[in-house]
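Data block for upload_10.csv (CSV, C-alpha atoms):
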chain,number,residue,atom,x,y,z
B,916,MET,CA,-8.8,54.0,23.0
B,917,ASN,CA,-8.1,51.7,25.9
B,918,LEU,CA,-10.8,49.3,24.7
B,919,ARG,CA,-9.4,49.2,21.2
B,920,GLY,CA,-5.9,48.6,22.7
B,921,ASP,CA,-7.2,45.8,24.8
B,922,LEU,CA,-8.9,44.2,21.8
B,923,VAL,CA,-5.7,44.4,19.7
B,924,TYR,CA,-3.7,42.9,22.6
B,925,LYS,CA,-6.1,40.0,22.9
B,926,ARG,CA,-6.0,39.2,19.2
B,927,ARG,CA,-2.2,39.1,19.3
B,928,SER,CA,-2.2,37.0,22.4
B,929,VAL,CA,-4.1,34.1,20.9
B,930,LYS,CA,-1.9,33.9,17.8
B,931,PRO,CA,0.1,30.7,17.9
B,932,VAL,CA,3.8,30.9,18.3
B,933,LEU,CA,5.5,29.0,15.5
B,934,THR,CA,8.5,26.9,16.4
B,935,ASP,CA,10.4,24.1,14.8
B,936,SER,CA,9.2,21.5,17.3
B,937,ASP,CA,6.2,20.5,15.2
B,938,ARG,CA,8.3,20.2,12.0
B,939,LYS,CA,10.8,18.1,13.9
B,940,PHE,CA,8.1,15.9,15.4
B,941,LEU,CA,6.4,15.3,12.1
B,942,ILE,CA,9.4,14.4,10.0
B,943,GLU,CA,10.7,12.1,12.7
B,944,PHE,CA,7.3,10.4,13.1
B,945,ILE,CA,7.2,9.8,9.3
B,946,ILE,CA,10.7,8.4,9.1
B,947,THR,CA,10.4,6.1,12.1
B,948,THR,CA,6.8,4.9,11.4
B,949,TYR,CA,6.7,4.5,7.6
B,950,LEU,CA,10.3,3.3,6.9
B,951,GLY,CA,12.3,0.3,8.2
B,952,PRO,CA,15.5,-1.5,7.5
B,953,ASP,CA,15.3,-4.5,5.1
B,954,VAL,CA,16.5,-6.9,7.8
B,955,LYS,CA,16.3,-10.4,6.3
B,956,TYR,CA,15.4,-12.1,9.6
B,957,ASP,CA,12.6,-9.7,10.3
B,958,ASP,CA,9.4,-11.4,8.9
B,959,PRO,CA,7.5,-9.3,8.3
B,960,ARG,CA,9.7,-6.3,8.0
B,961,CYS,CA,9.4,-3.8,10.8
B,962,SER,CA,9.6,0.0,11.0
B,963,ILE,CA,12.2,1.8,13.1
B,964,ILE,CA,9.7,2.4,15.9
B,965,GLN,CA,8.5,-1.2,15.8
B,966,ARG,CA,12.0,-2.5,16.2
B,967,ARG,CA,12.7,-0.1,19.0
B,968,MET,CA,9.6,-1.1,21.0
B,969,ALA,CA,10.3,-4.8,20.4
B,970,GLY,CA,13.9,-4.5,21.5
B,971,SER,CA,15.2,-6.0,18.3
B,972,PRO,CA,18.9,-6.5,18.1
B,973,GLN,CA,21.2,-4.2,16.1
B,974,TYR,CA,21.6,-5.4,12.5
B,975,THR,CA,24.8,-5.4,10.4
B,976,LEU,CA,25.3,-4.7,6.7
B,977,SER,CA,25.2,-8.5,5.9
B,978,ASP,CA,21.8,-8.7,7.5
B,979,LEU,CA,20.2,-6.3,5.0
B,980,GLY,CA,18.5,-7.3,1.8
B,981,SER,CA,18.7,-5.8,-1.6
B,982,SER,CA,15.7,-3.4,-1.3
B,983,TYR,CA,16.1,0.3,-1.6
B,984,VAL,CA,14.0,3.5,-1.9
B,985,THR,CA,14.7,6.5,-4.2
B,986,ILE,CA,15.0,10.0,-2.9
B,987,SER,CA,12.2,10.9,-5.2
B,988,PHE,CA,9.9,8.4,-3.4
B,989,LEU,CA,10.9,9.7,0.0
B,990,GLU,CA,9.9,13.2,-1.2
B,991,ARG,CA,6.5,12.0,-2.4
B,992,LEU,CA,5.9,10.1,0.8
B,993,TYR,CA,6.8,13.0,3.1
B,994,TYR,CA,4.7,15.6,1.2
B,995,TYR,CA,1.8,13.1,0.7
B,996,VAL,CA,1.5,12.4,4.4
B,997,LEU,CA,1.6,16.1,5.2
B,998,ARG,CA,-0.6,17.2,2.3
B,999,HIS,CA,-3.2,18.7,4.6
B,1000,CYS,CA,-0.7,20.2,7.0
B,1001,ARG,CA,-0.1,23.9,7.6
B,1002,ARG,CA,2.7,25.2,5.5
B,1003,GLU,CA,4.8,26.3,8.4
B,1004,HIS,CA,4.8,22.7,9.7
B,1005,VAL,CA,6.4,21.3,6.6
B,1006,LEU,CA,10.1,21.5,5.5
B,1007,ASP,CA,10.7,22.9,2.1
B,1008,LEU,CA,12.4,20.7,-0.5
B,1009,ASN,CA,16.0,21.9,0.1
B,1010,MET,CA,15.6,21.5,3.9
B,1011,PHE,CA,14.2,18.0,3.3
B,1012,HIS,CA,17.2,17.0,1.3
B,1013,MET,CA,19.6,18.4,3.9
B,1014,TYR,CA,17.7,16.4,6.6
B,1015,LEU,CA,18.2,13.2,4.5
B,1016,LYS,CA,21.9,13.9,4.4
B,1017,GLY,CA,22.0,14.6,8.2
B,1018,LYS,CA,23.1,18.2,7.6
B,1019,LEU,CA,20.0,20.3,8.3
B,1020,ILE,CA,21.0,23.1,10.7
B,1021,LEU,CA,18.5,25.8,11.6
B,1022,PRO,CA,18.6,28.5,14.4
B,1023,SER,CA,16.7,26.2,16.7
B,1024,PRO,CA,17.7,23.4,19.1
B,1025,ASP,CA,15.3,21.1,17.2
B,1026,PHE,CA,17.6,21.1,14.1
B,1027,SER,CA,21.1,21.5,15.3
B,1028,THR,CA,24.3,19.6,14.8
B,1029,ASP,CA,23.4,17.4,17.8
B,1030,SER,CA,19.8,16.6,16.9
B,1031,LYS,CA,18.7,13.4,15.3
B,1032,GLN,CA,18.2,13.4,11.6
B,1033,PHE,CA,17.7,10.8,8.8
B,1034,THR,CA,21.2,9.4,9.1
B,1035,SER,CA,20.7,8.9,12.8
B,1036,PHE,CA,18.0,6.3,12.0
B,1037,PHE,CA,19.6,5.0,8.8
B,1038,PRO,CA,23.4,5.5,9.2
B,1039,LEU,CA,25.4,5.8,6.1
B,1040,ASP,CA,27.7,2.9,6.9
B,1041,LEU,CA,24.6,0.6,6.7
B,1042,HIS,CA,22.3,2.5,4.3
B,1043,GLU,CA,24.4,4.0,1.6
B,1044,GLN,CA,23.1,6.9,-0.4
B,1045,LYS,CA,24.3,6.8,-3.9
B,1046,TRP,CA,23.4,7.8,-7.5
B,1047,TYR,CA,22.2,4.9,-9.7
B,1048,PRO,CA,23.2,5.0,-12.4
B,1049,ASP,CA,23.6,8.7,-12.9
B,1050,SER,CA,20.1,10.2,-12.6
B,1051,PHE,CA,18.4,8.4,-9.6
B,1052,ARG,CA,19.6,8.9,-6.0
B,1053,ILE,CA,18.7,5.9,-3.8
B,1054,VAL,CA,19.1,4.8,-0.2
B,1055,LYS,CA,20.0,1.1,0.2
B,1056,GLY,CA,18.5,-1.4,2.6
B,1057,ILE,CA,15.1,0.3,3.3
B,1058,VAL,CA,11.5,-0.8,2.9
B,1059,LEU,CA,8.2,1.0,3.1
B,1060,ILE,CA,5.7,0.2,5.8
B,1061,ASP,CA,2.5,1.3,4.1
B,1062,ASP,CA,0.1,0.3,6.8
B,1063,PRO,CA,2.0,0.8,10.1
B,1064,SER,CA,0.7,-0.7,13.4
B,1065,ILE,CA,-0.4,1.9,16.0
B,1066,GLU,CA,0.2,-0.5,18.9
B,1067,CYS,CA,3.8,0.5,19.1
B,1068,ILE,CA,3.1,4.3,19.0
B,1069,LYS,CA,2.5,6.3,22.1
B,1070,GLU,CA,-1.1,7.6,22.3
B,1071,ASP,CA,0.0,11.2,22.8
B,1072,ASP,CA,2.3,11.0,19.8
B,1073,LEU,CA,-0.5,9.5,17.7
B,1074,ASN,CA,-3.0,12.1,18.7
B,1075,ARG,CA,-0.5,14.9,18.1
B,1076,PHE,CA,0.3,13.5,14.6
B,1077,LYS,CA,-3.4,13.2,13.7
B,1078,SER,CA,-4.1,16.7,15.0
B,1079,LEU,CA,-1.2,18.3,13.0
B,1080,THR,CA,-1.8,16.4,9.7
B,1081,GLY,CA,-5.6,16.1,9.7
B,1082,VAL,CA,-5.5,12.4,8.8
B,1083,SER,CA,-7.7,9.7,10.4
B,1084,THR,CA,-5.6,6.7,9.4
B,1085,LEU,CA,-1.9,6.0,9.1
B,1086,GLU,CA,-2.4,3.8,6.0
B,1087,VAL,CA,-0.7,5.0,2.8
B,1088,ASN,CA,-2.5,4.7,-0.5
B,1089,LEU,CA,0.5,4.0,-2.6
B,1090,SER,CA,-1.1,5.0,-5.9
B,1091,GLU,CA,-2.1,8.4,-4.6
B,1092,CYS,CA,1.4,8.7,-2.9
B,1093,LEU,CA,3.2,8.1,-6.2
B,1094,GLU,CA,0.9,10.5,-8.1
B,1095,ASN,CA,1.4,13.2,-5.4
B,1096,GLU,CA,3.2,16.3,-6.8
B,1097,VAL,CA,5.9,17.7,-4.5
B,1098,GLY,CA,5.9,21.2,-5.9
B,1099,HIS,CA,7.6,23.4,-8.5
B,1100,ASN,CA,11.1,22.9,-7.2
B,1101,CYS,CA,10.7,19.1,-7.3
B,1102,LYS,CA,9.2,19.2,-10.8
B,1103,LYS,CA,12.1,21.2,-12.0
B,1104,LYS,CA,14.6,18.8,-10.5
B,1105,ARG,CA,12.9,15.8,-12.1
B,1106,GLN,CA,12.8,17.7,-15.4
B,1107,GLU,CA,16.6,18.2,-15.0
B,1108,ASN,CA,17.0,14.4,-14.5
B,1109,ILE,CA,15.1,13.8,-17.7
B,1110,GLN,CA,17.3,16.3,-19.6
B,1111,ASN,CA,20.4,14.6,-18.2
B,1112,MET,CA,19.2,11.3,-19.5
B,1113,GLU,CA,18.2,12.8,-22.9
B,1114,CYS,CA,21.8,13.8,-23.4
B,1115,GLN,CA,22.7,10.1,-23.3
B,1116,SER,CA,19.8,9.1,-25.6
B,1117,GLU,CA,22.0,9.2,-28.7
B,1118,GLU,CA,23.9,6.3,-27.3
B,1119,PHE,CA,20.7,4.2,-27.4
B,1120,GLN,CA,20.4,1.7,-30.2
B,1121,GLU,CA,17.0,1.3,-31.8
B,1122,GLY,CA,15.6,-1.9,-30.3
B,1123,HIS,CA,12.9,-2.5,-32.8
B,1124,LYS,CA,11.0,-0.8,-35.7
B,1125,ARG,CA,8.1,1.5,-35.3
B,1126,LYS,CA,4.9,-0.5,-34.6
B,1127,HIS,CA,1.2,0.2,-34.5
B,1128,ILE,CA,-0.5,-3.1,-34.1
B,1129,ASP,CA,-4.1,-3.7,-33.0
B,1130,ASP,CA,-4.2,-6.5,-30.5
B,1131,THR,CA,-7.3,-7.2,-28.3
B,1132,GLN,CA,-5.8,-9.9,-26.0
B,1133,PRO,CA,-6.2,-9.0,-22.4
B,1134,MET,CA,-3.3,-7.6,-20.4
B,1135,PRO,CA,-2.0,-9.5,-17.4
B,1136,ASP,CA,-2.7,-8.1,-14.0
B,1137,PRO,CA,0.2,-6.1,-12.5
B,1138,MET,CA,2.2,-8.0,-9.8
B,1139,PHE,CA,3.8,-6.7,-6.7
B,1140,PRO,CA,5.6,-8.5,-3.9
B,1141,THR,CA,4.2,-8.3,-0.4
B,1142,LYS,CA,5.9,-8.6,3.0
B,1143,HIS,CA,5.9,-12.4,2.7
B,1144,ASN,CA,7.5,-12.1,-0.7
B,1145,VAL,CA,4.5,-13.7,-2.4
B,1146,LYS,CA,3.3,-12.1,-5.6
B,1147,VAL,CA,-0.4,-11.2,-5.5
B,1148,PRO,CA,-2.4,-9.4,-8.2
B,1149,LEU,CA,-3.5,-5.9,-7.5
B,1150,SER,CA,-6.2,-3.8,-9.1
B,1151,ASN,CA,-5.3,-1.0,-11.4
B,1152,ASN,CA,-6.7,1.6,-9.0
B,1153,THR,CA,-5.1,0.6,-5.8
B,1154,CYS,CA,-1.7,-0.6,-4.7
B,1155,LYS,CA,-2.1,-1.8,-1.1
B,1156,SER,CA,-0.6,-4.4,1.2
B,1157,ASN,CA,-0.8,-5.3,4.8
B,1158,GLY,CA,2.9,-4.7,5.4
B,1159,PRO,CA,6.2,-3.5,3.9
B,1160,THR,CA,6.4,-3.1,0.1
B,1161,PHE,CA,9.6,-3.7,-1.7
B,1162,MET,CA,11.0,-4.8,-5.1
B,1163,PRO,CA,13.4,-7.7,-5.3
B,1164,LEU,CA,16.0,-7.8,-8.1
B,1165,LEU,CA,15.2,-9.8,-11.2
B,1166,SER,CA,17.3,-11.5,-13.9
B,1167,VAL,CA,17.6,-9.9,-17.3
B,1168,SER,CA,15.5,-11.5,-20.0
B,1169,ASP,CA,16.7,-12.5,-23.5
B,1170,THR,CA,16.4,-9.5,-25.9
B,1171,ALA,CA,16.2,-11.8,-28.9
B,1172,ALA,CA,13.1,-13.5,-27.5
B,1173,TRP,CA,11.5,-10.1,-26.8
B,1174,ASN,CA,12.0,-9.1,-30.5
B,1175,GLN,CA,9.7,-12.0,-31.5
B,1176,ASP,CA,6.8,-10.6,-29.4
B,1177,CYS,CA,6.9,-6.8,-29.1
B,1178,SER,CA,3.2,-6.1,-30.0
B,1179,LEU,CA,1.4,-3.0,-29.0
B,1180,VAL,CA,-2.0,-3.3,-27.4
B,1181,LEU,CA,-4.6,-0.5,-28.0
B,1182,THR,CA,-8.1,-0.2,-26.5
B,1183,GLY,CA,-10.7,2.5,-26.5
B,1184,THR,CA,-10.6,5.5,-29.0
B,1185,ALA,CA,-6.9,4.9,-29.8
B,1186,ARG,CA,-8.0,2.0,-32.0
B,1187,LYS,CA,-10.1,4.2,-34.2
B,1188,GLY,CA,-7.4,6.7,-35.3
B,1189,MET,CA,-6.9,5.8,-39.0
B,1190,PHE,CA,-5.4,9.0,-40.4
B,1191,GLY,CA,-3.1,11.7,-39.3
B,1192,PRO,CA,-0.6,11.4,-36.4
B,1193,SER,CA,-2.1,8.4,-34.7
B,1194,VAL,CA,-2.1,7.6,-30.9
B,1195,GLY,CA,0.3,4.7,-30.1
B,1196,ILE,CA,3.2,4.9,-32.5
B,1197,VAL,CA,6.2,3.9,-30.4
B,1198,ASP,CA,10.0,3.9,-30.8
B,1199,ILE,CA,12.0,1.8,-28.3
B,1200,GLY,CA,15.8,2.1,-27.7
B,1201,ILE,CA,18.2,0.0,-25.8
B,1202,GLY,CA,21.1,1.4,-23.8
B,1203,GLU,CA,23.8,-0.2,-21.6
B,1204,MET,CA,21.8,0.4,-18.4
B,1205,ALA,CA,18.4,1.6,-19.4
B,1206,TYR,CA,15.6,1.4,-22.0
B,1207,LEU,CA,14.2,4.5,-23.8
B,1208,PHE,CA,10.7,4.7,-25.3
B,1209,ARG,CA,9.0,7.6,-27.2
B,1210,ILE,CA,5.3,7.2,-28.0
B,1211,SER,CA,3.0,9.5,-29.9
B,1212,LEU,CA,0.0,10.8,-27.9
B,1213,PRO,CA,-1.5,13.7,-30.0
B,1214,GLY,CA,-4.6,15.3,-28.4
B,1215,VAL,CA,-4.1,13.5,-25.1
B,1216,GLN,CA,-4.8,15.5,-21.9
B,1217,LYS,CA,-1.7,15.8,-19.7
B,1218,ASN,CA,-3.2,16.5,-16.3
B,1219,CYS,CA,-2.5,14.0,-13.5
B,1220,GLY,CA,-6.1,13.2,-12.9
B,1221,LYS,CA,-6.8,11.8,-16.4
B,1222,PHE,CA,-3.4,10.5,-17.4
B,1223,SER,CA,-1.1,7.9,-16.0
B,1224,CYS,CA,2.0,5.9,-17.2
B,1225,ASP,CA,3.0,2.9,-15.2
B,1226,VAL,CA,5.9,0.5,-15.7
B,1227,GLN,CA,5.8,-3.0,-14.2
B,1228,SER,CA,8.9,-5.0,-13.1
B,1229,ASN,CA,8.6,-7.3,-16.1
B,1230,GLY,CA,9.0,-4.3,-18.5
B,1231,ARG,CA,5.3,-3.9,-19.4
B,1232,VAL,CA,4.3,-0.3,-19.9
B,1233,LEU,CA,0.6,0.7,-19.3
B,1234,ILE,CA,-0.6,4.1,-20.4
B,1235,LYS,CA,-4.1,5.4,-19.6
B,1236,GLY,CA,-5.5,8.7,-20.8
B,1237,VAL,CA,-8.3,10.7,-22.5
B,1238,VAL,CA,-8.2,12.0,-26.0
B,1239,THR,CA,-9.7,15.5,-26.3
B,1240,GLY,CA,-11.7,16.9,-29.2
B,1241,GLY,CA,-15.2,16.2,-30.6
B,1242,GLU,CA,-17.6,17.8,-33.1
B,1243,THR,CA,-17.4,21.1,-31.1
B,1244,ILE,CA,-14.2,22.7,-29.8
B,1245,ARG,CA,-14.3,25.6,-27.4
B,1246,LYS,CA,-11.2,27.9,-27.1
B,1247,GLN,CA,-11.8,30.6,-24.5
B,1248,ALA,CA,-14.8,32.6,-25.9
B,1249,ARG,CA,-14.7,31.0,-29.4
B,1250,VAL,CA,-16.6,28.0,-30.6
B,1251,PHE,CA,-15.5,25.9,-33.5
B,1252,GLN,CA,-17.5,23.3,-35.4
B,1253,MET,CA,-15.0,20.6,-36.6
B,1254,LYS,CA,-15.6,19.9,-40.3
B,1255,ILE,CA,-12.5,17.8,-40.9
B,1256,ARG,CA,-11.7,15.2,-38.3
B,1257,LYS,CA,-8.8,12.8,-38.9
B,1258,LEU,CA,-7.4,12.5,-35.4
B,1259,CYS,CA,-8.5,9.9,-32.9
B,1260,PRO,CA,-12.1,10.5,-31.7
B,1261,PRO,CA,-12.5,11.8,-28.1
B,1262,GLY,CA,-12.7,9.5,-25.2
B,1263,PRO,CA,-10.7,7.3,-22.8
B,1264,PHE,CA,-8.1,4.8,-24.0
B,1265,THR,CA,-5.5,2.4,-22.7
B,1266,LEU,CA,-2.2,1.5,-24.4
B,1267,SER,CA,0.4,-1.1,-23.4
B,1268,PHE,CA,3.6,-2.5,-24.8
B,1269,SER,CA,6.7,-4.4,-23.5
B,1270,LEU,CA,10.2,-3.2,-23.1
B,1271,PRO,CA,13.0,-5.6,-24.1
B,1272,GLY,CA,13.5,-6.8,-20.5
B,1273,PRO,CA,12.7,-6.4,-16.8
B,1274,VAL,CA,13.1,-3.0,-15.2
B,1275,ASP,CA,13.0,-1.4,-11.7
B,1276,PRO,CA,9.7,0.5,-11.6
B,1277,ARG,CA,11.1,2.8,-8.9
B,1278,LEU,CA,13.8,4.0,-11.4
B,1279,PHE,CA,11.5,5.3,-14.1
B,1280,ALA,CA,11.1,8.9,-15.3
B,1281,ALA,CA,8.7,10.2,-18.0
B,1282,ASN,CA,8.5,13.5,-19.7
B,1283,PHE,CA,5.4,14.7,-21.7
B,1284,ARG,CA,6.9,16.9,-24.4
B,1285,ALA,CA,5.2,19.8,-26.0
B,1286,ASP,CA,5.2,18.1,-29.4
B,1287,GLY,CA,2.8,15.4,-28.1
B,1288,LEU,CA,5.5,12.7,-27.5
B,1289,LEU,CA,5.7,10.9,-24.2
B,1290,GLU,CA,9.4,10.0,-23.5
B,1291,GLY,CA,10.3,7.6,-20.8
B,1292,ILE,CA,13.5,6.1,-19.5
B,1293,ALA,CA,13.5,2.9,-17.3
B,1294,ILE,CA,16.6,1.5,-15.6
B,1295,LYS,CA,17.3,-2.2,-16.2
B,1296,GLN,CA,17.2,-4.6,-13.4
Take the structure in this file and express it as structure tokens.
Amino acid sequence: MNLRGDLVYKRRSVKPVLTDSDRKFLIEFIITTYLGPDVKYDDPRCSIIQRRMAGSPQYTLSDLGSSYVTISFLERLYYYVLRHCRREHVLDLNMFHMYLKGKLILPSPDFSTDSKQFTSFFPLDLHEQKWYPDSFRIVKGIVLIDDPSIECIKEDDLNRFKSLTGVSTLEVNLSECLENEVGHNCKKKRQENIQNMECQSEEFQEGHKRKHIDDTQPMPDPMFPTKHNVKVPLSNNTCKSNGPTFMPLLSVSDTAAWNQDCSLVLTGTARKGMFGPSVGIVDIGIGEMAYLFRISLPGVQKNCGKFSCDVQSNGRVLIKGVVTGGETIRKQARVFQMKIRKLCPPGPFTLSFSLPGPVDPRLFAANFRADGLLEGIAIKQ
């Protein structure tokens, strides 16, 4: 009996005591290491911790550039960096939002009214948090540091961060980060954003007629500004830079000129669908502050690993996916031999078209509907 009691006591004694100190450390490390103010005289842009270690002077509102980040992106960044973390070390979505507002209070000295939170590093009088226009919440004057330097990080902090997160490098793969799913609550919130925008879709005027044009001309490489504000082409699979990544504002193009060249580009199996509901039929609408597109994608797999929809700053939309089907279809324990086949043959495809003008890729939301339509709304620049 005593031996069993001793064994039970030893098992309990080695169980770690969970506190908020690790959660506090991790979120503060992420905010100060991966984000920095868009100070125009900082070249390249620096993170909060870099500016602190360098003794950089305090900036004013007039010193900040026009860059901003969306709350949705901050969600993805936080949960992407902590994707291998233990659940108890990660704030849930509601807590994360309260932290961003500077109002997260927990029964712990680590999250109290006197503790540092997001607004301590990015005060509201310099970094306004606002809705733009009605469906995207943004924080102004902030840039992403996707490959932070470790020279300004204390060795103990760096080792603690790597131990808690299981990562070997601080570099952020932006493509993986943007594809990272935050969780059910976040999906529900983004879905509500889409529904709010759908309520305004009746105000959209149809920008051009339905098109399905076969065009084999190559698509231009996507462009993305780097820390030196020089545009360099990036591959379709990666989106990396050696420093901060941000989007400058662009001028609005002439809609009339767009109407003369609004072709749709199809490659892969999407070009072979001759009958039935074809892949690639698209409607485009124009609103006061945004563009709306609806595109037919029957038989296309919807999981994140095989489907992507990207919007470039010049308004170019690129969709990649895989059409399901084939001569034999398996549904649970049943096998069907397809005798009539009029949909697009199975296989990968790419599809691209242009919106009437430039957009902000960070302010883009898409919804894959149950009827096989992909509906997207992109905010104008």
Could you pull the residues within 6 Å of region 1235-1251 of chain B, counting only C-alpha atoms, minus those fewer than 5 positions along the same chain, as JSON, numbers by chain? {"B": [1214, 1215, 1216, 1221, 1222, 1223, 1261, 1262, 1263, 1264, 1265]}
Can I get the selected residues back with C-alpha atoms, as a PDB file, in the frame of the given file?
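As written to disk, result-v2.pdb reads:
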ATOM      1  CA  GLY B1214      -4.600  15.300 -28.400  1.00  0.00           C
ATOM      2  CA  VAL B1215      -4.100  13.500 -25.100  1.00  0.00           C
ATOM      3  CA  GLN B1216      -4.800  15.500 -21.900  1.00  0.00           C
ATOM      4  CA  LYS B1221      -6.800  11.800 -16.400  1.00  0.00           C
ATOM      5  CA  PHE B1222      -3.400  10.500 -17.400  1.00  0.00           C
ATOM      6  CA  SER B1223      -1.100   7.900 -16.000  1.00  0.00           C
ATOM      7  CA  PRO B1261     -12.500  11.800 -28.100  1.00  0.00           C
ATOM      8  CA  GLY B1262     -12.700   9.500 -25.200  1.00  0.00           C
ATOM      9  CA  PRO B1263     -10.700   7.300 -22.800  1.00  0.00           C
ATOM     10  CA  PHE B1264      -8.100   4.800 -24.000  1.00  0.00           C
ATOM     11  CA  THR B1265      -5.500   2.400 -22.700  1.00  0.00           C
TER      12      THR B1265
END
The distance between CA of Arg1284 (chain B) and CA of Gln1227 (chain B) is 22.4 Å
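Shortest separation to Asp1062 (chain B) among B:Val1082, B:Ala969, B:Leu1266, B:Val1087 occurs at residue B:Val1087, atoms counted being all atoms listed in the file.
Going from CA of His999 (chain B) over to CA of Ser1083 (chain B), you cover 11.6 Å.
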So that I can check the surroundings of Pro1273 (chain B), please list as a ChimeraX atom specification every protein, DNA and RNA residue that reaches within 6 Å of it, counting all atoms listed in the file and ignoring chain neighbours fewer than 2 positions away. /B:1228-1230,1296
Using all atoms listed in the file, what does the table of region 1038-1098 of chain B residues within 10 Å of region 936-960 of chain B look like, with each row giving the shortest atom pair and its distance in Å to one decimal, sorted by chain and ascending number, as a tab-separated table?
residue	atom	partner	partner_atom	distance
B:Leu1041	CA	B:Pro952	CA	9.4
B:His1042	CA	B:Pro952	CA	8.5
B:Lys1055	CA	B:Asp953	CA	8.8
B:Gly1056	CA	B:Asp953	CA	5.1
B:Ile1057	CA	B:Pro952	CA	4.6
B:Val1058	CA	B:Gly951	CA	5.5
B:Leu1059	CA	B:Leu950	CA	4.9
B:Ile1060	CA	B:Tyr949	CA	4.8
B:Asp1061	CA	B:Tyr949	CA	6.3
B:Asp1062	CA	B:Tyr949	CA	7.9
B:Pro1063	CA	B:Thr948	CA	6.4
B:Ser1064	CA	B:Thr948	CA	8.5
B:Ile1065	CA	B:Thr948	CA	9.1
B:Cys1067	CA	B:Thr948	CA	9.4
B:Ile1068	CA	B:Thr948	CA	8.5
B:Asp1072	CA	B:Phe944	CA	8.4
B:Leu1073	CA	B:Phe944	CA	9.1
B:Arg1075	CA	B:Phe940	CA	9.1
B:Phe1076	CA	B:Leu941	CA	6.8
B:Leu1079	CA	B:Asp937	CA	8.0
B:Thr1080	CA	B:Leu941	CA	8.6
B:Leu1085	CA	B:Tyr949	CA	8.9
B:Glu1086	CA	B:Tyr949	CA	9.3
B:Val1087	CA	B:Tyr949	CA	8.8
Reconstructed all heavy atoms for region 1239-1243 of chain B, given as a short mmCIF file (atom, residue, chain, number, x, y, z; two decimals), keeping the file's coordinate frame:
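Written output follows (selection-v9.cif):
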data_model
loop_
_atom_site.label_atom_id
_atom_site.label_comp_id
_atom_site.auth_asym_id
_atom_site.auth_seq_id
_atom_site.Cartn_x
_atom_site.Cartn_y
_atom_site.Cartn_z
N THR B 1239 -8.79 14.38 -26.22
CA THR B 1239 -9.70 15.50 -26.30
C THR B 1239 -10.22 15.69 -27.70
O THR B 1239 -9.76 15.07 -28.65
CB THR B 1239 -8.99 16.79 -25.83
OG1 THR B 1239 -7.88 17.03 -26.72
CG2 THR B 1239 -8.47 16.67 -24.41
N GLY B 1240 -11.19 16.57 -27.84
CA GLY B 1240 -11.70 16.90 -29.20
C GLY B 1240 -13.23 16.67 -29.21
O GLY B 1240 -13.92 16.75 -28.21
N GLY B 1241 -13.75 16.41 -30.41
CA GLY B 1241 -15.20 16.20 -30.60
C GLY B 1241 -15.68 17.07 -31.77
O GLY B 1241 -14.90 17.70 -32.49
N GLU B 1242 -16.97 17.08 -31.96
CA GLU B 1242 -17.60 17.80 -33.10
C GLU B 1242 -17.48 19.34 -32.78
O GLU B 1242 -17.40 20.14 -33.72
CB GLU B 1242 -19.02 17.43 -33.25
CG GLU B 1242 -19.19 15.98 -33.69
CD GLU B 1242 -20.65 15.62 -33.91
OE1 GLU B 1242 -21.50 16.52 -33.69
OE2 GLU B 1242 -20.92 14.48 -34.28
N THR B 1243 -17.48 19.73 -31.51
CA THR B 1243 -17.40 21.10 -31.10
C THR B 1243 -16.23 21.39 -30.23
O THR B 1243 -16.06 20.68 -29.24
CB THR B 1243 -18.73 21.58 -30.42
OG1 THR B 1243 -19.85 21.33 -31.27
CG2 THR B 1243 -18.67 23.06 -30.08
#
